[in-house]
file my_file.cif (mmCIF, C-alpha atoms)
data_run
loop_
_atom_site.label_atom_id
_atom_site.label_comp_id
_atom_site.auth_asym_id
_atom_site.auth_seq_id
_atom_site.Cartn_x
_atom_site.Cartn_y
_atom_site.Cartn_z
CA MET A 183 -23.48 -9.18 -21.40
CA PRO A 184 -26.48 -7.51 -19.73
CA SER A 185 -26.09 -3.88 -18.69
CA PHE A 186 -24.03 -3.88 -15.49
CA HIS A 187 -22.27 -0.92 -13.93
CA VAL A 188 -19.93 -0.77 -10.95
CA LEU A 189 -19.43 2.36 -8.84
CA ILE A 190 -16.05 2.62 -7.09
CA ALA A 191 -15.46 5.09 -4.27
CA GLY A 192 -11.73 5.81 -4.14
CA GLY A 193 -9.00 5.84 -6.77
CA GLY A 194 -6.11 4.52 -4.71
CA ILE A 195 -4.20 1.27 -5.21
CA GLY A 196 -7.22 -1.01 -4.75
CA GLY A 197 -9.77 1.10 -6.61
CA LEU A 198 -7.58 1.51 -9.70
CA CYS A 199 -6.68 -2.18 -9.78
CA LEU A 200 -10.37 -3.12 -9.59
CA ALA A 201 -11.22 -0.69 -12.39
CA GLN A 202 -8.49 -2.21 -14.58
CA GLY A 203 -9.75 -5.73 -13.85
CA LEU A 204 -13.33 -4.77 -14.68
CA ARG A 205 -12.24 -2.97 -17.85
CA CYS A 206 -10.34 -6.05 -19.01
CA ALA A 207 -13.50 -8.11 -18.38
CA GLY A 208 -15.61 -5.67 -20.40
CA ILE A 209 -17.56 -4.43 -17.38
CA SER A 210 -18.56 -0.79 -17.14
CA CYS A 211 -17.38 1.14 -14.08
CA THR A 212 -16.75 4.64 -12.76
CA VAL A 213 -14.20 5.60 -10.11
CA TYR A 214 -14.91 8.61 -7.87
CA GLU A 215 -11.74 10.04 -6.32
CA SER A 216 -11.83 13.03 -3.97
CA ALA A 217 -8.27 14.19 -4.77
CA PRO A 218 -7.61 16.38 -7.81
CA GLY A 219 -5.20 13.78 -9.22
CA ILE A 220 -2.62 11.18 -8.27
CA GLY A 221 -0.76 12.76 -5.37
CA ARG A 222 2.71 12.22 -3.96
CA ALA A 223 1.75 10.87 -0.52
CA GLY A 224 3.70 7.76 0.36
CA TYR A 225 6.80 6.41 -1.31
CA ARG A 226 7.94 2.80 -1.51
CA LEU A 227 5.53 -0.15 -1.36
CA HIS A 228 6.61 -3.70 -0.61
CA MET A 229 5.14 -6.16 -3.10
CA ASN A 230 4.72 -9.91 -2.72
CA GLY A 231 3.38 -12.77 -4.81
CA ALA A 232 -0.23 -12.09 -3.86
CA GLY A 233 -0.15 -8.45 -4.90
CA GLY A 234 1.94 -9.10 -7.99
CA ARG A 235 -0.31 -11.86 -9.26
CA ALA A 236 -3.36 -9.68 -8.69
CA LEU A 237 -1.80 -7.04 -10.92
CA GLN A 238 -1.06 -9.68 -13.55
CA GLN A 239 -4.73 -10.72 -13.52
CA CYS A 240 -6.06 -7.17 -13.78
CA LEU A 241 -3.62 -5.20 -15.95
CA PRO A 242 -3.13 -5.38 -19.71
CA ASP A 243 0.09 -7.21 -20.57
CA ASN A 244 2.07 -4.08 -21.42
CA LEU A 245 1.13 -2.34 -18.17
CA PHE A 246 1.95 -5.40 -16.09
CA GLU A 247 5.34 -5.57 -17.77
CA LEU A 248 5.79 -1.85 -17.10
CA TYR A 249 5.06 -2.51 -13.42
CA MET A 250 7.63 -5.31 -13.36
CA GLN A 251 10.35 -3.34 -15.13
CA THR A 252 9.89 -0.27 -12.93
CA SER A 253 9.81 -2.28 -9.71
CA ARG A 254 12.87 -2.63 -7.56
CA GLU A 255 15.79 -4.78 -8.67
CA THR A 256 15.90 -8.14 -6.90
CA PRO A 257 17.74 -7.83 -3.55
CA ARG A 258 20.20 -10.45 -2.30
CA ARG A 259 17.71 -11.38 0.47
CA GLU A 260 13.98 -10.65 0.29
CA VAL A 261 13.56 -10.47 4.08
CA MET A 262 12.97 -7.95 6.84
CA VAL A 263 16.27 -7.32 8.68
CA MET A 264 16.44 -6.00 12.24
CA LEU A 265 19.49 -3.93 13.25
CA ASP A 266 20.58 -2.18 16.41
CA HIS A 267 21.57 1.49 16.34
CA GLN A 268 25.18 0.54 15.55
CA ALA A 269 24.03 -1.27 12.38
CA ARG A 270 24.67 -4.73 13.84
CA GLU A 271 22.26 -7.34 12.51
CA LEU A 272 20.02 -8.81 15.20
CA GLY A 273 18.03 -11.15 12.99
CA ALA A 274 15.94 -11.47 9.85
CA ARG A 275 12.35 -12.45 9.21
CA PRO A 276 10.88 -13.77 5.95
CA HIS A 277 8.00 -11.88 4.40
CA ILE A 278 4.52 -13.30 4.63
CA GLY A 279 2.57 -14.20 1.54
CA PRO A 280 2.46 -16.98 -1.05
CA PRO A 281 5.64 -18.11 -2.81
CA ASN A 282 7.14 -15.42 -5.00
CA ASP A 283 8.12 -15.70 -8.65
CA PRO A 284 11.54 -17.42 -8.58
CA ARG A 285 12.68 -15.95 -11.91
CA ARG A 286 11.76 -12.31 -11.41
CA PRO A 287 10.32 -11.81 -7.94
CA HIS A 288 7.83 -9.12 -7.06
CA THR A 289 9.89 -6.78 -4.90
CA ALA A 290 8.92 -3.14 -4.30
CA VAL A 291 7.53 -0.24 -6.29
CA ASN A 292 7.32 3.51 -6.09
CA ARG A 293 3.72 4.16 -5.01
CA ARG A 294 3.09 7.08 -7.36
CA THR A 295 4.59 5.20 -10.29
CA LEU A 296 2.32 2.20 -9.66
CA ARG A 297 -0.76 4.42 -9.39
CA GLN A 298 0.17 6.24 -12.60
CA ILE A 299 0.63 2.93 -14.40
CA MET A 300 -2.72 1.65 -13.13
CA GLY A 301 -4.39 4.87 -14.23
CA LEU A 302 -3.40 4.39 -17.87
CA GLY A 303 -6.43 3.65 -20.03
CA LEU A 304 -8.81 4.78 -17.29
CA GLU A 305 -8.89 8.44 -18.26
CA ASP A 306 -12.64 8.30 -19.05
CA ILE A 307 -13.37 6.12 -16.02
CA VAL A 308 -11.73 7.97 -13.11
CA ARG A 309 -13.41 11.19 -12.01
CA TYR A 310 -11.12 13.27 -9.84
CA ASP A 311 -12.39 15.98 -7.48
CA SER A 312 -15.45 13.80 -6.87
CA THR A 313 -16.06 12.97 -3.21
CA VAL A 314 -18.54 10.28 -2.24
CA THR A 315 -20.66 11.37 0.74
CA GLY A 316 -22.99 8.38 1.07
CA PHE A 317 -25.22 5.93 -0.76
CA GLU A 318 -28.81 4.72 -1.08
CA THR A 319 -30.06 1.26 -2.09
CA ASP A 320 -33.45 0.00 -3.21
CA GLY A 321 -32.68 -3.71 -3.55
CA GLU A 322 -32.13 -3.62 -7.31
CA LYS A 323 -29.74 -0.71 -7.70
CA VAL A 324 -27.44 1.44 -5.59
CA ARG A 325 -27.11 5.20 -5.83
CA VAL A 326 -23.92 6.97 -4.83
CA LEU A 327 -24.20 10.51 -3.48
CA LEU A 328 -21.50 13.08 -4.31
CA ASP A 329 -20.42 16.25 -2.55
CA ASP A 330 -21.49 18.49 -5.43
CA GLY A 331 -25.11 17.43 -4.92
CA THR A 332 -25.20 15.02 -7.86
CA SER A 333 -25.57 11.25 -7.75
CA ALA A 334 -24.98 8.20 -9.94
CA THR A 335 -26.68 4.83 -10.11
CA GLY A 336 -25.14 1.40 -10.58
CA ASP A 337 -25.51 -2.27 -9.78
CA ILE A 338 -22.70 -2.40 -7.17
CA LEU A 339 -20.92 0.17 -5.02
CA VAL A 340 -17.39 -0.68 -3.87
CA GLY A 341 -15.90 1.30 -1.02
CA ALA A 342 -12.19 1.57 -1.80
CA ASP A 343 -11.91 4.87 0.05
CA GLY A 344 -9.37 4.02 2.73
CA ILE A 345 -9.34 3.86 6.50
CA ASN A 346 -11.66 6.89 6.77
CA SER A 347 -14.11 5.26 4.36
CA VAL A 348 -17.44 7.05 4.06
CA VAL A 349 -18.93 3.89 2.58
CA ARG A 350 -17.82 1.72 5.52
CA ARG A 351 -19.08 4.19 8.10
CA GLN A 352 -22.54 3.95 6.58
CA LEU A 353 -22.46 0.21 5.88
CA LEU A 354 -20.68 -0.92 9.08
CA PRO A 355 -20.85 2.00 11.53
CA ASP A 356 -19.64 -0.02 14.52
CA VAL A 357 -16.20 -0.95 13.14
CA PRO A 358 -13.70 1.02 15.26
CA VAL A 359 -10.59 2.78 14.02
CA VAL A 360 -7.77 2.04 16.48
CA ASP A 361 -5.04 4.63 17.04
CA THR A 362 -1.89 2.80 18.14
CA GLY A 363 -0.28 6.00 19.43
CA MET A 364 2.69 5.47 17.10
CA ARG A 365 3.65 8.61 15.23
CA GLY A 366 6.28 8.96 12.58
CA LEU A 367 7.91 10.77 9.73
CA TYR A 368 8.24 9.43 6.19
CA SER A 369 11.02 10.73 3.97
CA ILE A 370 13.41 9.79 1.19
CA ALA A 371 17.09 10.35 0.49
CA PRO A 372 18.38 10.35 -3.12
CA LEU A 373 20.43 7.18 -3.56
CA THR A 374 23.64 8.26 -5.23
CA ASP A 375 26.46 5.78 -5.90
CA ASP A 376 28.56 7.56 -3.29
CA LEU A 377 25.89 7.28 -0.59
CA ALA A 378 25.13 3.66 -1.49
CA ALA A 379 28.80 2.71 -1.09
CA ARG A 380 28.79 3.96 2.51
CA LEU A 381 25.60 2.27 3.69
CA PRO A 382 25.42 -1.08 5.54
CA GLU A 383 24.73 -3.95 3.17
CA ALA A 384 21.63 -4.98 5.15
CA LEU A 385 19.85 -1.81 4.06
CA PHE A 386 19.76 -3.21 0.54
CA ASP A 387 17.88 -6.36 1.56
CA GLY A 388 14.11 -6.47 1.30
CA PHE A 389 13.51 -4.08 4.19
CA ALA A 390 15.47 -3.03 7.26
CA VAL A 391 14.55 -1.67 10.68
CA ALA A 392 16.97 -0.20 13.22
CA THR A 393 16.13 0.67 16.82
CA GLY A 394 18.01 2.81 19.31
CA PRO A 395 18.21 3.16 23.09
CA ASN A 396 16.10 6.34 22.96
CA GLY A 397 13.19 4.38 21.49
CA ALA A 398 13.65 5.72 17.96
CA MET A 399 12.85 3.24 15.22
CA PHE A 400 14.02 3.80 11.66
CA ALA A 401 12.72 1.78 8.71
CA TYR A 402 14.67 1.71 5.46
CA GLY A 403 13.62 0.62 1.99
CA VAL A 404 15.62 0.98 -1.21
CA TYR A 405 13.95 1.81 -4.51
CA ARG A 406 16.33 1.25 -7.40
CA PRO A 407 14.28 0.12 -10.42
CA ARG A 408 15.21 -2.80 -12.64
CA ARG A 409 15.12 -0.40 -15.54
CA PRO A 410 14.90 3.42 -15.58
CA VAL A 411 11.24 4.43 -15.57
CA ALA A 412 11.54 6.67 -18.64
CA GLU A 413 13.32 3.94 -20.63
CA ALA A 414 10.72 1.27 -19.78
CA LEU A 415 7.92 3.70 -20.54
CA ALA A 416 9.31 4.56 -23.97
CA GLU A 417 9.13 0.90 -24.96
CA LEU A 418 5.92 -0.23 -23.27
CA ALA A 419 3.64 2.84 -23.14
CA PRO A 420 5.19 5.65 -25.23
CA GLY A 421 3.99 9.10 -24.28
CA ALA A 422 2.04 7.95 -21.24
CA PRO A 423 2.00 10.38 -18.28
CA VAL A 424 4.26 8.46 -15.88
CA ASP A 425 6.89 10.52 -14.09
CA PRO A 426 10.57 9.52 -14.14
CA VAL A 427 11.88 8.48 -10.71
CA ASP A 428 15.49 8.46 -9.63
CA PRO A 429 16.76 5.81 -7.19
CA TYR A 430 16.17 6.61 -3.52
CA ILE A 431 16.09 5.07 -0.09
CA MET A 432 13.01 5.56 2.04
CA VAL A 433 13.94 6.65 5.57
CA ASN A 434 11.02 6.47 8.01
CA LEU A 435 11.26 7.48 11.67
CA GLY A 436 8.92 5.79 14.13
CA LEU A 437 8.15 7.42 17.50
CA PRO A 438 6.70 4.79 19.85
CA PRO A 439 4.31 6.23 22.46
CA GLY A 440 6.02 6.87 25.78
CA SER A 441 9.55 6.68 24.37
CA PRO A 442 12.13 9.37 25.15
CA VAL A 443 12.38 10.36 21.51
CA ALA A 444 8.59 10.80 21.30
CA ALA A 445 8.51 12.83 24.52
CA GLY A 446 10.87 15.40 23.04
CA ALA A 447 9.16 15.63 19.65
CA PRO A 448 7.44 18.82 18.43
CA ASP A 449 3.93 18.92 16.97
CA LEU A 450 4.61 16.94 13.81
CA TRP A 451 1.67 18.38 11.88
CA HIS A 452 2.45 22.03 12.57
CA SER A 453 6.24 22.08 12.30
CA SER A 454 8.43 23.15 9.40
CA ALA A 455 10.35 20.67 7.29
CA GLU A 456 13.56 21.95 8.86
CA THR A 457 12.20 21.27 12.36
CA LEU A 458 11.17 17.75 11.41
CA HIS A 459 14.55 17.09 9.81
CA ALA A 460 16.20 18.31 13.02
CA LEU A 461 14.10 15.80 14.98
CA MET A 462 15.37 13.02 12.73
CA ARG A 463 18.95 14.16 13.31
CA THR A 464 18.41 14.18 17.07
CA ALA A 465 16.94 10.68 16.93
CA VAL A 466 20.16 9.24 15.43
CA ARG A 467 22.60 11.07 17.68
CA GLY A 468 25.20 8.51 18.78
CA TRP A 469 24.14 5.99 16.11
CA ASP A 470 26.39 4.28 13.59
CA PRO A 471 27.97 7.05 11.47
CA ALA A 472 26.59 5.65 8.21
CA LEU A 473 23.02 5.58 9.58
CA ALA A 474 23.41 9.10 10.97
CA ASP A 475 24.85 10.30 7.67
CA LEU A 476 21.89 8.82 5.81
CA VAL A 477 19.55 11.07 7.80
CA GLU A 478 21.71 14.04 6.79
CA HIS A 479 21.07 13.14 3.14
CA VAL A 480 17.28 13.11 3.55
CA ASP A 481 15.57 15.61 1.27
CA ALA A 482 13.69 17.75 3.84
CA SER A 483 11.00 18.63 1.29
CA THR A 484 9.92 14.97 1.24
CA ILE A 485 9.27 14.67 4.99
CA PHE A 486 5.67 14.25 6.08
CA PRO A 487 4.07 13.04 9.36
CA VAL A 488 1.96 9.93 9.81
CA SER A 489 -0.17 8.28 12.49
CA THR A 490 -0.32 4.49 12.67
CA ARG A 491 -3.95 3.40 12.86
CA HIS A 492 -5.80 0.25 11.96
CA LEU A 493 -9.28 -1.26 11.88
CA GLN A 494 -10.62 -4.03 14.04
CA PRO A 495 -11.73 -7.10 12.05
CA ALA A 496 -15.45 -6.73 11.47
CA ASP A 497 -17.93 -9.44 12.35
CA PRO A 498 -19.57 -11.00 9.27
CA TRP A 499 -22.29 -8.79 7.77
CA PRO A 500 -25.11 -9.49 5.29
CA ALA A 501 -23.92 -9.27 1.70
CA GLY A 502 -25.65 -6.92 -0.68
CA ARG A 503 -24.99 -4.37 -3.39
CA VAL A 504 -22.41 -2.47 -1.35
CA THR A 505 -19.03 -3.97 -0.48
CA LEU A 506 -15.55 -2.91 0.60
CA LEU A 507 -11.93 -3.58 -0.25
CA GLY A 508 -8.45 -2.72 0.98
CA ASP A 509 -7.95 -0.19 3.77
CA ALA A 510 -11.67 0.56 3.79
CA ILE A 511 -12.26 -2.78 5.54
CA HIS A 512 -8.89 -4.05 6.79
CA ALA A 513 -6.49 -1.11 7.18
CA MET A 514 -3.46 -2.47 9.02
CA PRO A 515 -0.14 -1.28 10.45
CA PRO A 516 2.85 -1.73 8.11
CA SER A 517 4.37 -4.49 10.29
CA PHE A 518 4.35 -7.11 7.53
CA GLY A 519 4.22 -4.85 4.46
CA SER A 520 0.85 -6.29 3.46
CA GLY A 521 -1.49 -3.31 3.11
CA ALA A 522 -1.08 -2.71 -0.63
CA ASN A 523 -0.82 -6.42 -1.40
CA THR A 524 -4.09 -7.28 0.35
CA ALA A 525 -5.85 -4.38 -1.38
CA LEU A 526 -4.67 -5.69 -4.76
CA ARG A 527 -5.70 -9.23 -3.77
CA ASP A 528 -9.17 -7.91 -2.95
CA ALA A 529 -9.43 -6.07 -6.25
CA ALA A 530 -8.58 -9.12 -8.34
CA ALA A 531 -10.90 -11.40 -6.37
CA LEU A 532 -13.77 -8.91 -6.54
CA ALA A 533 -13.26 -8.38 -10.28
CA ARG A 534 -13.65 -12.14 -10.80
CA ALA A 535 -16.76 -12.26 -8.62
CA LEU A 536 -18.39 -9.31 -10.37
CA GLU A 537 -17.63 -10.81 -13.77
CA ARG A 538 -19.69 -13.85 -12.77
CA ALA A 539 -22.49 -11.56 -11.60
CA ALA A 540 -22.38 -9.40 -14.73
CA HIS A 541 -22.70 -12.47 -16.94
CA GLY A 542 -25.63 -13.73 -14.90
CA ASP A 543 -23.75 -16.84 -13.81
CA THR A 544 -24.12 -15.95 -10.12
CA PRO A 545 -26.68 -13.70 -8.40
CA VAL A 546 -25.16 -10.38 -7.35
CA ALA A 547 -25.57 -10.89 -3.59
CA GLU A 548 -24.15 -14.41 -3.83
CA ALA A 549 -21.11 -13.23 -5.79
CA VAL A 550 -20.46 -10.45 -3.26
CA ALA A 551 -20.94 -12.88 -0.36
CA GLU A 552 -18.37 -15.29 -1.83
CA TYR A 553 -15.87 -12.45 -2.22
CA GLU A 554 -16.43 -11.16 1.32
CA THR A 555 -16.23 -14.62 2.91
CA GLU A 556 -12.94 -15.34 1.14
CA MET A 557 -11.57 -11.89 2.02
CA ARG A 558 -12.35 -12.34 5.71
CA ALA A 559 -10.72 -15.78 5.71
CA GLU A 560 -7.55 -14.71 3.88
CA VAL A 561 -6.95 -11.13 4.97
CA PHE A 562 -8.31 -10.78 8.50
CA PRO A 563 -5.58 -13.09 9.89
CA ILE A 564 -2.99 -10.76 8.32
CA LEU A 565 -4.75 -7.76 9.87
CA ARG A 566 -4.70 -9.41 13.30
CA ALA A 567 -1.03 -10.33 13.00
CA SER A 568 -0.03 -6.88 11.75
CA ALA A 569 -1.84 -5.22 14.68
CA ASP A 570 -0.37 -7.62 17.25
CA PRO A 571 2.07 -5.81 19.57
CA ARG A 572 4.50 -8.69 18.99
CA ALA A 573 4.74 -7.78 15.29
CA ALA A 574 7.79 -5.61 16.04
CA ASP A 575 9.62 -8.71 17.34
CA ILE A 576 11.91 -10.23 14.73
CA ASP A 577 10.96 -13.72 15.95
CA PHE A 578 7.19 -13.19 15.65
CA LEU A 579 5.76 -15.06 12.67
CA PRO A 580 2.16 -16.30 13.07
CA ASP A 581 1.66 -19.99 12.37
CA ASP A 582 -1.54 -19.41 10.37
CA LEU A 583 0.05 -17.19 7.70
CA PRO A 584 1.89 -18.33 4.58
CA VAL A 585 5.57 -17.39 4.46
CA SER A 586 7.50 -16.49 1.31
CA ARG A 587 11.13 -17.58 1.61
CA THR A 588 12.15 -16.69 -1.94
#

call {"tool": "encode", "arguments": {"input": "my_file.cif", "output": "structure tokens"}}
result
Amino acid sequence: MPSFHVLIAGGGIGGLCLAQGLRCAGISCTVYESAPGIGRAGYRLHMNGAGGRALQQCLPDNLFELYMQTSRETPRREVMVMLDHQARELGARPHIGPPNDPRRPHTAVNRRTLRQIMGLGLEDIVRYDSTVTGFETDGEKVRVLLDDGTSATGDILVGADGINSVVRRQLLPDVPVVDTGMRGLYSIAPLTDDLAARLPEALFDGFAVATGPNGAMFAYGVYRPRRPVAEALAELAPGAPVDPVDPYIMVNLGLPPGSPVAAGAPDLWHSSAETLHALMRTAVRGWDPALADLVEHVDASTIFPVSTRHLQPADPWPAGRVTLLGDAIHAMPPSFGSGANTALRDAAALARALERAAHGDTPVAEAVAEYETEMRAEVFPILRASADPRAADIDFLPDDLPVSRT
């Protein structure tokens, strides 16, 4: 294989998956990640057939099996369930995406666990505390600029640096970031046997959302792995730095703009954990006792605020030696649980395209163009649907998206 090197800005879900796919294909790459390591932001990620198959294509067999064994046990129904504030079921919606594995479906993962698994074997490839500030191209190569004043040269630069992507802002400066006005709090509650016995059964389906008369919206997602993380690790990757994770239920509060619950909320970014926990308690006042009790069990140290933002689908752009994947080009609201899955889909597709380019089978610009055209066709409809105001309606399911009923 001729000398070919890929520069990746961002070591999140998409960037790590791409690096694994390139490594398996024998292609040199370097990942530049601004954080000092794999952080704890975010908790449970919904997985579907698209994201799971992308991991299977990119990860070594033992790491893919580790992902499967540490993913959530198969629920009775892999659907999104809508409840009222008294825990009465209002309806259920199938997840979007291609058909799932009928034997052992892709379900949900702990975000940090997945990132730690994808980081295994990349210790000499991922450079933490390295922030990309821009890039330069000369037609034959691309040079990435770093915040410490140094630079690096490669054949391709991939912006996998999230919704605030530095690479996208330079490549496609006119793509707007849309703030929906929705604010929220993410948190988790340890899932003990005693707590689990008291919770409504619907909370153990794929995902559940409950809404109240004050406008509060709670989203719930169980993470109870098929096999304890430490036990699976001991068999499949002994000694690897993957943290043990106890079962939990993710408890996320949504504060729609203009709602009574949002009007009474404090400054989420400058309030103590105790103040934020008190807001969650206020939001479930008068709710079903089990749902209110669940908020009481939230570990206040895990609460953090979020803003729901997304990108507008970009008009087609000329392909070259700089491209984008995941949230850097199609960040979307969590309405259909597709953000991580589409980032993984991108990573696997781009790894295949760059393998053709590295072998000289396809010119670089042509390989990138094929990837980008396919990504716009497959992912932009999901972005549009996820950003549609009707996405909160249990009956809203776009006709142009595949539906997984497994």

call {"tool": "atom_distance", "arguments": {"input": "my_file.cif", "atom1": "CA of Gly192 in chain A", "atom2": "CA of Val308 in chain A"}}
result
9.2 Å

call {"tool": "resolve_selection", "arguments": {"input": "my_file.cif", "expression": "the PyMOL selection byres ((chain A and resi 469-472) around 7)", "output": "NGL selection string"}}
result
:A and (267-269 or 380-381 or 466-468 or 473-476)

call {"tool": "atom_distance", "arguments": {"input": "my_file.cif", "atom1": "CA of Ile278 in chain A", "atom2": "CA of Phe518 in chain A"}}
result
6.8 Å

call {"tool": "resolve_selection", "arguments": {"input": "my_file.cif", "expression": "the PyMOL selection byres ((chain A and resi 307) around 9)", "output": "list in words"}}
result
Ala201, Ser210, Cys211, Thr212, Val213, Tyr214, Gly303, Leu304, Glu305, Asp306, Val308 and Arg309 of chain A

call {"tool": "residues_near_point", "arguments": {"input": "my_file.cif", "point": "(-14.6, -11.3, 13.8)", "cutoff": "12 Å", "atoms": "all atoms listed in the file", "output": "number ranges by chain"}}
result
A: 357, 493-499, 512, 555, 558-559, 561-563, 565-566

call {"tool": "atom_distance", "arguments": {"input": "my_file.cif", "atom1": "CA of Val360 in chain A", "atom2": "CA of Arg491 in chain A"}}
result
5.4 Å

call {"tool": "closest_residue", "arguments": {"input": "my_file.cif", "among": "A:Ala342, A:Ala392, A:Leu296, A:Leu200", "to": "Asp575 in chain A", "atoms": "only C-alpha atoms"}}
result
A:Ala392

call {"tool": "closest_atom_pairs", "arguments": {"input": "my_file.cif", "of": "range 424-530 of chain A", "to": "range 279-289 of chain A", "cutoff": "10 Å", "atoms": "all atoms listed in the file", "output": "JSON lines"}}
result
{"residue": "A:Phe518", "atom": "CA", "partner": "A:Gly279", "partner_atom": "CA", "distance": 9.5}
{"residue": "A:Gly519", "atom": "CA", "partner": "A:Gly279", "partner_atom": "CA", "distance": 9.9}
{"residue": "A:Ser520", "atom": "CA", "partner": "A:Gly279", "partner_atom": "CA", "distance": 8.3}
{"residue": "A:Asn523", "atom": "CA", "partner": "A:Gly279", "partner_atom": "CA", "distance": 9.0}
{"residue": "A:Thr524", "atom": "CA", "partner": "A:Gly279", "partner_atom": "CA", "distance": 9.7}

call {"tool": "decode", "arguments": {"input": "my_file.cif", "residues": "range 364-370 of chain A", "atoms": "all heavy atoms", "output": "PDB file, in the first residue's frame"}}
result
ATOM      1  N   MET A 364     -34.800  24.195  23.941  1.00  0.00           N
ATOM      2  CA  MET A 364     -34.986  23.140  24.940  1.00  0.00           C
ATOM      3  C   MET A 364     -33.745  23.046  25.824  1.00  0.00           C
ATOM      4  O   MET A 364     -32.626  22.986  25.335  1.00  0.00           O
ATOM      5  CB  MET A 364     -35.234  21.794  24.259  1.00  0.00           C
ATOM      6  CG  MET A 364     -35.297  20.602  25.201  1.00  0.00           C
ATOM      7  SD  MET A 364     -36.809  20.530  26.181  1.00  0.00           S
ATOM      8  CE  MET A 364     -37.937  19.763  25.005  1.00  0.00           C
ATOM      9  N   ARG A 365     -33.970  23.069  27.118  1.00  0.00           N
ATOM     10  CA  ARG A 365     -32.901  22.879  28.082  1.00  0.00           C
ATOM     11  C   ARG A 365     -33.220  21.642  28.900  1.00  0.00           C
ATOM     12  O   ARG A 365     -34.367  21.207  28.954  1.00  0.00           O
ATOM     13  CB  ARG A 365     -32.767  24.099  29.002  1.00  0.00           C
ATOM     14  CG  ARG A 365     -32.488  25.406  28.259  1.00  0.00           C
ATOM     15  CD  ARG A 365     -31.107  25.399  27.637  1.00  0.00           C
ATOM     16  NE  ARG A 365     -30.825  26.652  26.946  1.00  0.00           N
ATOM     17  CZ  ARG A 365     -30.943  26.820  25.639  1.00  0.00           C
ATOM     18  NH1 ARG A 365     -31.362  25.810  24.880  1.00  0.00           N
ATOM     19  NH2 ARG A 365     -30.645  27.963  25.075  1.00  0.00           N
ATOM     20  N   GLY A 366     -32.223  21.086  29.544  1.00  0.00           N
ATOM     21  CA  GLY A 366     -32.503  19.877  30.298  1.00  0.00           C
ATOM     22  C   GLY A 366     -31.413  19.512  31.259  1.00  0.00           C
ATOM     23  O   GLY A 366     -30.367  20.167  31.338  1.00  0.00           O
ATOM     24  N   LEU A 367     -31.682  18.470  32.013  1.00  0.00           N
ATOM     25  CA  LEU A 367     -30.731  17.918  32.969  1.00  0.00           C
ATOM     26  C   LEU A 367     -30.609  16.423  32.715  1.00  0.00           C
ATOM     27  O   LEU A 367     -31.620  15.722  32.618  1.00  0.00           O
ATOM     28  CB  LEU A 367     -31.208  18.150  34.410  1.00  0.00           C
ATOM     29  CG  LEU A 367     -31.381  19.607  34.851  1.00  0.00           C
ATOM     30  CD1 LEU A 367     -32.003  19.662  36.240  1.00  0.00           C
ATOM     31  CD2 LEU A 367     -30.049  20.341  34.831  1.00  0.00           C
ATOM     32  N   TYR A 368     -29.385  15.942  32.585  1.00  0.00           N
ATOM     33  CA  TYR A 368     -29.125  14.513  32.481  1.00  0.00           C
ATOM     34  C   TYR A 368     -28.668  14.008  33.841  1.00  0.00           C
ATOM     35  O   TYR A 368     -27.914  14.686  34.548  1.00  0.00           O
ATOM     36  CB  TYR A 368     -28.030  14.236  31.449  1.00  0.00           C
ATOM     37  CG  TYR A 368     -28.475  14.284  30.005  1.00  0.00           C
ATOM     38  CD1 TYR A 368     -29.685  14.850  29.640  1.00  0.00           C
ATOM     39  CD2 TYR A 368     -27.668  13.766  28.999  1.00  0.00           C
ATOM     40  CE1 TYR A 368     -30.084  14.902  28.315  1.00  0.00           C
ATOM     41  CE2 TYR A 368     -28.065  13.804  27.669  1.00  0.00           C
ATOM     42  CZ  TYR A 368     -29.275  14.377  27.337  1.00  0.00           C
ATOM     43  OH  TYR A 368     -29.665  14.420  26.026  1.00  0.00           O
ATOM     44  N   SER A 369     -29.089  12.814  34.199  1.00  0.00           N
ATOM     45  CA  SER A 369     -28.676  12.233  35.471  1.00  0.00           C
ATOM     46  C   SER A 369     -28.884  10.732  35.433  1.00  0.00           C
ATOM     47  O   SER A 369     -29.506  10.201  34.494  1.00  0.00           O
ATOM     48  CB  SER A 369     -29.485  12.831  36.630  1.00  0.00           C
ATOM     49  OG  SER A 369     -30.830  12.359  36.605  1.00  0.00           O
ATOM     50  N   ILE A 370     -28.382  10.050  36.452  1.00  0.00           N
ATOM     51  CA  ILE A 370     -28.627   8.616  36.573  1.00  0.00           C
ATOM     52  C   ILE A 370     -28.975   8.280  38.018  1.00  0.00           C
ATOM     53  O   ILE A 370     -28.573   8.965  38.959  1.00  0.00           O
ATOM     54  CB  ILE A 370     -27.429   7.757  36.109  1.00  0.00           C
ATOM     55  CG1 ILE A 370     -26.185   8.036  36.941  1.00  0.00           C
ATOM     56  CG2 ILE A 370     -27.149   7.961  34.642  1.00  0.00           C
ATOM     57  CD1 ILE A 370     -25.008   7.130  36.600  1.00  0.00           C
TER      58      ILE A 370
END
